[in-house]
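Input: a single structure, listed below in structure tokens.
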Amino acid sequence: MYLAAGRSEIGPRAIAVALRGDVVGSLLEAAPAGPALAELARLPGVLQAEGARVLELGCGTGELLADLKPSFGVGVDFSEPMIAEAKKAHPDLTFVSGDIEDEAVIRSLPGPFDVILVLDTLGSLDDCQRMLTLLHPLCTRETRVVLGFFSHLWQPALKLAEAAHLRMPQLPQNVLSPADIQAIAA
């Protein structure tokens with residue numbers, strides 16, 4: 001597991017994203033959120049975000065955020081091409097291009113929020129715990145923070161899907177177990 005104790009000016013994730021920027025831009029599709037995320041959004045009691053103030057970190061093209069029908073929705077993503085697509089597809093929502101590990105980006109967000117989503121994003125962060133700590137000013141006692149990450153048992157199948165161009169290429173991921181996430185979030 002890689003959890004950085006400190007943060008450099010330009011971390012390995014930022015370099016990897018910059019190097020693959022052209023790939024991301026060429027693979028953009030205005031497709032709906034993946035089936036697993038769509039199912040998550042429909043589960044009673046899990047999100048219940050319709051009419052709520054929702055922040056999605058690592059929002060991609062904003063499909064899940066839009067599907068949740070928030071009264072006020074903000075999406076943040078590192079990829080400028082993804083944010084451009086999100087703004088075009090969902091002009092009623094707010095999208096910010098920025099690094100969710102950058103304190104200035106997080107401070108600029110108009111909180112507090114009722115729901116904060118961090119789905120399929122934790123594994124690519126340089127310092128998961130620091131990012132979660134930065135979220136405190138955006139929360140109230142009632143804020144629901146939803147953390148989602150995939151099991152690394154799926155890694156071989158996901159790499160095969162990338163090779164077959166059925167899935168967008170992903171950055172290297174931290175290996176995080178449910179116990180790791182619970183300890184980080186505590």
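By convention here, the chains of the structure tokens are called A, B, ... in the order presented, each chain's residues are numbered starting at 1, and ligands are numbered starting at 1 in the order presented.
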Next on the checklist: Excluding Phe149 (chain A) and its own-chain neighbours fewer than 3 positions away, which residues fall within 8 Å of it when counting only C-alpha atoms? Please give them as number ranges by chain.
Outcome noted: A: 119-123
Just C-alpha atoms for this one: save the residues we selected as a PDB file, in the first residue's frame.
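Saved file selection36.pdb follows:
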ATOM      1  CA  LEU A 119     -15.911   6.852  -5.865  1.00  0.00           C
ATOM      2  CA  ASP A 120     -13.127   4.979  -7.664  1.00  0.00           C
ATOM      3  CA  THR A 121     -10.756   7.829  -6.786  1.00  0.00           C
ATOM      4  CA  LEU A 122      -9.047   6.963  -3.481  1.00  0.00           C
ATOM      5  CA  GLY A 123      -6.746   4.405  -5.054  1.00  0.00           C
TER       6      GLY A 123
END
Checklist entry - Would you give me, as a PyMOL selection string, the residues in region 66-157 of chain A that DSSP reads as strand (DSSP E)? => result chain A and resi 72-77+94-97+115-119+144-148
Prev. selection, all heavy atoms, output as a CSV table (one decimal), in the first residue's frame:
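Everything below was put into part.csv:
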chain,number,residue,atom,x,y,z
A,72,PHE,N,-28.0,21.3,-5.7
A,72,PHE,CA,-26.8,22.0,-6.0
A,72,PHE,C,-25.7,21.0,-6.1
A,72,PHE,O,-25.4,20.2,-5.1
A,72,PHE,CB,-26.4,23.0,-4.9
A,72,PHE,CG,-25.2,23.8,-5.1
A,72,PHE,CD1,-25.1,24.7,-6.1
A,72,PHE,CD2,-24.0,23.5,-4.4
A,72,PHE,CE1,-23.9,25.4,-6.4
A,72,PHE,CE2,-22.8,24.2,-4.6
A,72,PHE,CZ,-22.8,25.2,-5.6
A,73,GLY,N,-25.1,20.8,-7.3
A,73,GLY,CA,-24.1,19.8,-7.5
A,73,GLY,C,-22.8,20.4,-8.0
A,73,GLY,O,-22.8,21.2,-8.8
A,74,VAL,N,-21.7,19.9,-7.4
A,74,VAL,CA,-20.4,20.3,-7.7
A,74,VAL,C,-19.5,19.1,-8.0
A,74,VAL,O,-19.5,18.2,-7.2
A,74,VAL,CB,-19.7,21.2,-6.6
A,74,VAL,CG1,-18.3,21.5,-7.0
A,74,VAL,CG2,-20.5,22.4,-6.3
A,75,GLY,N,-18.9,19.1,-9.1
A,75,GLY,CA,-18.0,18.0,-9.5
A,75,GLY,C,-16.5,18.5,-9.7
A,75,GLY,O,-16.4,19.6,-10.2
A,76,VAL,N,-15.6,17.8,-9.2
A,76,VAL,CA,-14.2,18.1,-9.3
A,76,VAL,C,-13.4,17.0,-9.9
A,76,VAL,O,-13.6,15.8,-9.5
A,76,VAL,CB,-13.5,18.5,-7.9
A,76,VAL,CG1,-12.1,18.9,-8.1
A,76,VAL,CG2,-14.3,19.5,-7.2
A,77,ASP,N,-12.6,17.3,-10.9
A,77,ASP,CA,-11.8,16.2,-11.6
A,77,ASP,C,-10.5,16.8,-12.0
A,77,ASP,O,-10.4,18.0,-12.3
A,77,ASP,CB,-12.5,15.6,-12.8
A,77,ASP,CG,-12.0,14.3,-13.1
A,77,ASP,OD1,-10.9,14.2,-13.8
A,77,ASP,OD2,-12.6,13.3,-12.7
A,94,THR,N,-22.1,22.6,-11.4
A,94,THR,CA,-20.9,23.3,-11.3
A,94,THR,C,-19.7,22.3,-11.4
A,94,THR,O,-19.7,21.3,-10.7
A,94,THR,CB,-20.8,24.1,-10.0
A,94,THR,OG1,-21.9,25.0,-10.0
A,94,THR,CG2,-19.4,24.8,-10.0
A,95,PHE,N,-18.8,22.5,-12.3
A,95,PHE,CA,-17.6,21.6,-12.4
A,95,PHE,C,-16.3,22.4,-12.3
A,95,PHE,O,-16.2,23.5,-12.9
A,95,PHE,CB,-17.7,20.9,-13.8
A,95,PHE,CG,-18.8,19.9,-13.8
A,95,PHE,CD1,-20.0,20.2,-14.5
A,95,PHE,CD2,-18.7,18.7,-13.2
A,95,PHE,CE1,-21.1,19.4,-14.5
A,95,PHE,CE2,-19.8,17.8,-13.2
A,95,PHE,CZ,-21.0,18.1,-13.9
A,96,VAL,N,-15.4,21.8,-11.6
A,96,VAL,CA,-14.1,22.5,-11.4
A,96,VAL,C,-13.0,21.5,-11.8
A,96,VAL,O,-13.0,20.4,-11.4
A,96,VAL,CB,-13.9,22.8,-9.8
A,96,VAL,CG1,-12.6,23.4,-9.5
A,96,VAL,CG2,-15.1,23.7,-9.4
A,97,SER,N,-12.1,22.0,-12.5
A,97,SER,CA,-10.9,21.3,-12.9
A,97,SER,C,-9.8,21.6,-11.9
A,97,SER,O,-9.4,22.7,-11.7
A,97,SER,CB,-10.4,21.7,-14.3
A,97,SER,OG,-9.2,21.0,-14.6
A,115,VAL,N,-23.9,15.5,0.9
A,115,VAL,CA,-23.3,14.3,0.5
A,115,VAL,C,-22.0,14.6,-0.3
A,115,VAL,O,-22.0,15.5,-1.1
A,115,VAL,CB,-24.3,13.5,-0.5
A,115,VAL,CG1,-23.6,12.2,-1.0
A,115,VAL,CG2,-25.6,13.2,0.1
A,116,ILE,N,-21.0,13.9,0.1
A,116,ILE,CA,-19.7,14.0,-0.6
A,116,ILE,C,-19.4,12.6,-1.1
A,116,ILE,O,-19.3,11.6,-0.4
A,116,ILE,CB,-18.5,14.5,0.3
A,116,ILE,CG1,-18.9,15.9,0.8
A,116,ILE,CG2,-17.2,14.5,-0.5
A,116,ILE,CD1,-17.9,16.5,1.7
A,117,LEU,N,-19.2,12.5,-2.4
A,117,LEU,CA,-18.9,11.2,-3.1
A,117,LEU,C,-17.4,11.1,-3.5
A,117,LEU,O,-16.9,12.1,-4.1
A,117,LEU,CB,-19.7,11.0,-4.4
A,117,LEU,CG,-21.2,11.1,-4.2
A,117,LEU,CD1,-21.8,11.1,-5.6
A,117,LEU,CD2,-21.7,10.0,-3.4
A,118,VAL,N,-16.7,10.1,-3.1
A,118,VAL,CA,-15.3,9.8,-3.6
A,118,VAL,C,-15.4,8.4,-4.0
A,118,VAL,O,-15.1,7.4,-3.3
A,118,VAL,CB,-14.3,10.0,-2.4
A,118,VAL,CG1,-12.9,9.9,-2.9
A,118,VAL,CG2,-14.5,11.3,-1.7
A,119,LEU,N,-15.7,8.2,-5.3
A,119,LEU,CA,-15.9,6.9,-5.9
A,119,LEU,C,-14.8,6.6,-6.9
A,119,LEU,O,-14.6,7.3,-7.8
A,119,LEU,CB,-17.3,6.7,-6.5
A,119,LEU,CG,-18.5,7.1,-5.6
A,119,LEU,CD1,-19.8,7.1,-6.3
A,119,LEU,CD2,-18.5,6.1,-4.4
A,144,ARG,N,-23.0,13.1,4.7
A,144,ARG,CA,-22.7,11.7,4.4
A,144,ARG,C,-21.5,11.6,3.4
A,144,ARG,O,-21.6,12.2,2.3
A,144,ARG,CB,-23.9,11.0,3.8
A,144,ARG,CG,-24.0,9.6,4.0
A,144,ARG,CD,-25.3,9.0,3.7
A,144,ARG,NE,-26.3,10.1,3.6
A,144,ARG,CZ,-27.4,10.0,2.9
A,144,ARG,NH1,-27.7,8.9,2.4
A,144,ARG,NH2,-28.2,11.0,2.8
A,145,VAL,N,-20.4,11.1,3.8
A,145,VAL,CA,-19.2,10.9,2.9
A,145,VAL,C,-19.3,9.4,2.4
A,145,VAL,O,-19.2,8.5,3.2
A,145,VAL,CB,-17.9,11.2,3.6
A,145,VAL,CG1,-16.7,11.0,2.7
A,145,VAL,CG2,-17.9,12.6,4.1
A,146,VAL,N,-19.4,9.3,1.1
A,146,VAL,CA,-19.5,7.9,0.5
A,146,VAL,C,-18.2,7.6,-0.2
A,146,VAL,O,-17.8,8.3,-1.1
A,146,VAL,CB,-20.7,7.8,-0.5
A,146,VAL,CG1,-20.8,6.4,-1.1
A,146,VAL,CG2,-22.0,8.2,0.2
A,147,LEU,N,-17.5,6.6,0.3
A,147,LEU,CA,-16.2,6.2,-0.3
A,147,LEU,C,-16.4,4.9,-1.0
A,147,LEU,O,-16.9,4.0,-0.4
A,147,LEU,CB,-15.1,6.0,0.8
A,147,LEU,CG,-14.9,7.2,1.8
A,147,LEU,CD1,-13.9,6.8,2.9
A,147,LEU,CD2,-14.4,8.4,1.0
A,148,GLY,N,-16.0,4.9,-2.2
A,148,GLY,CA,-16.1,3.6,-3.0
A,148,GLY,C,-14.9,3.3,-3.7
A,148,GLY,O,-14.2,4.2,-4.3
Checklist entry - Using the chain letters and numbers from this document, which residues of region 64-100 of chain A does DSSP assign to alpha helix (DSSP H), as number ranges by chain? => result A: 64-67, 80-89
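When only C-alpha atoms are used to compute distances to Asp126 (chain A), the closest of the residues A:Glu142, A:Glu50, A:Asp102, A:Asp114 turns out to be A:Asp102.
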Next on the checklist: When you count only C-alpha atoms, which of these residues is closest to Ala49 (chain A): A:Pro70, A:Pro172, A:Gly62, A:Pro137?
Outcome noted: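 Going through A:Pro70, A:Pro172, A:Gly62, A:Pro137 one by one, the smallest distance to Ala49 (chain A) is for A:Pro70.
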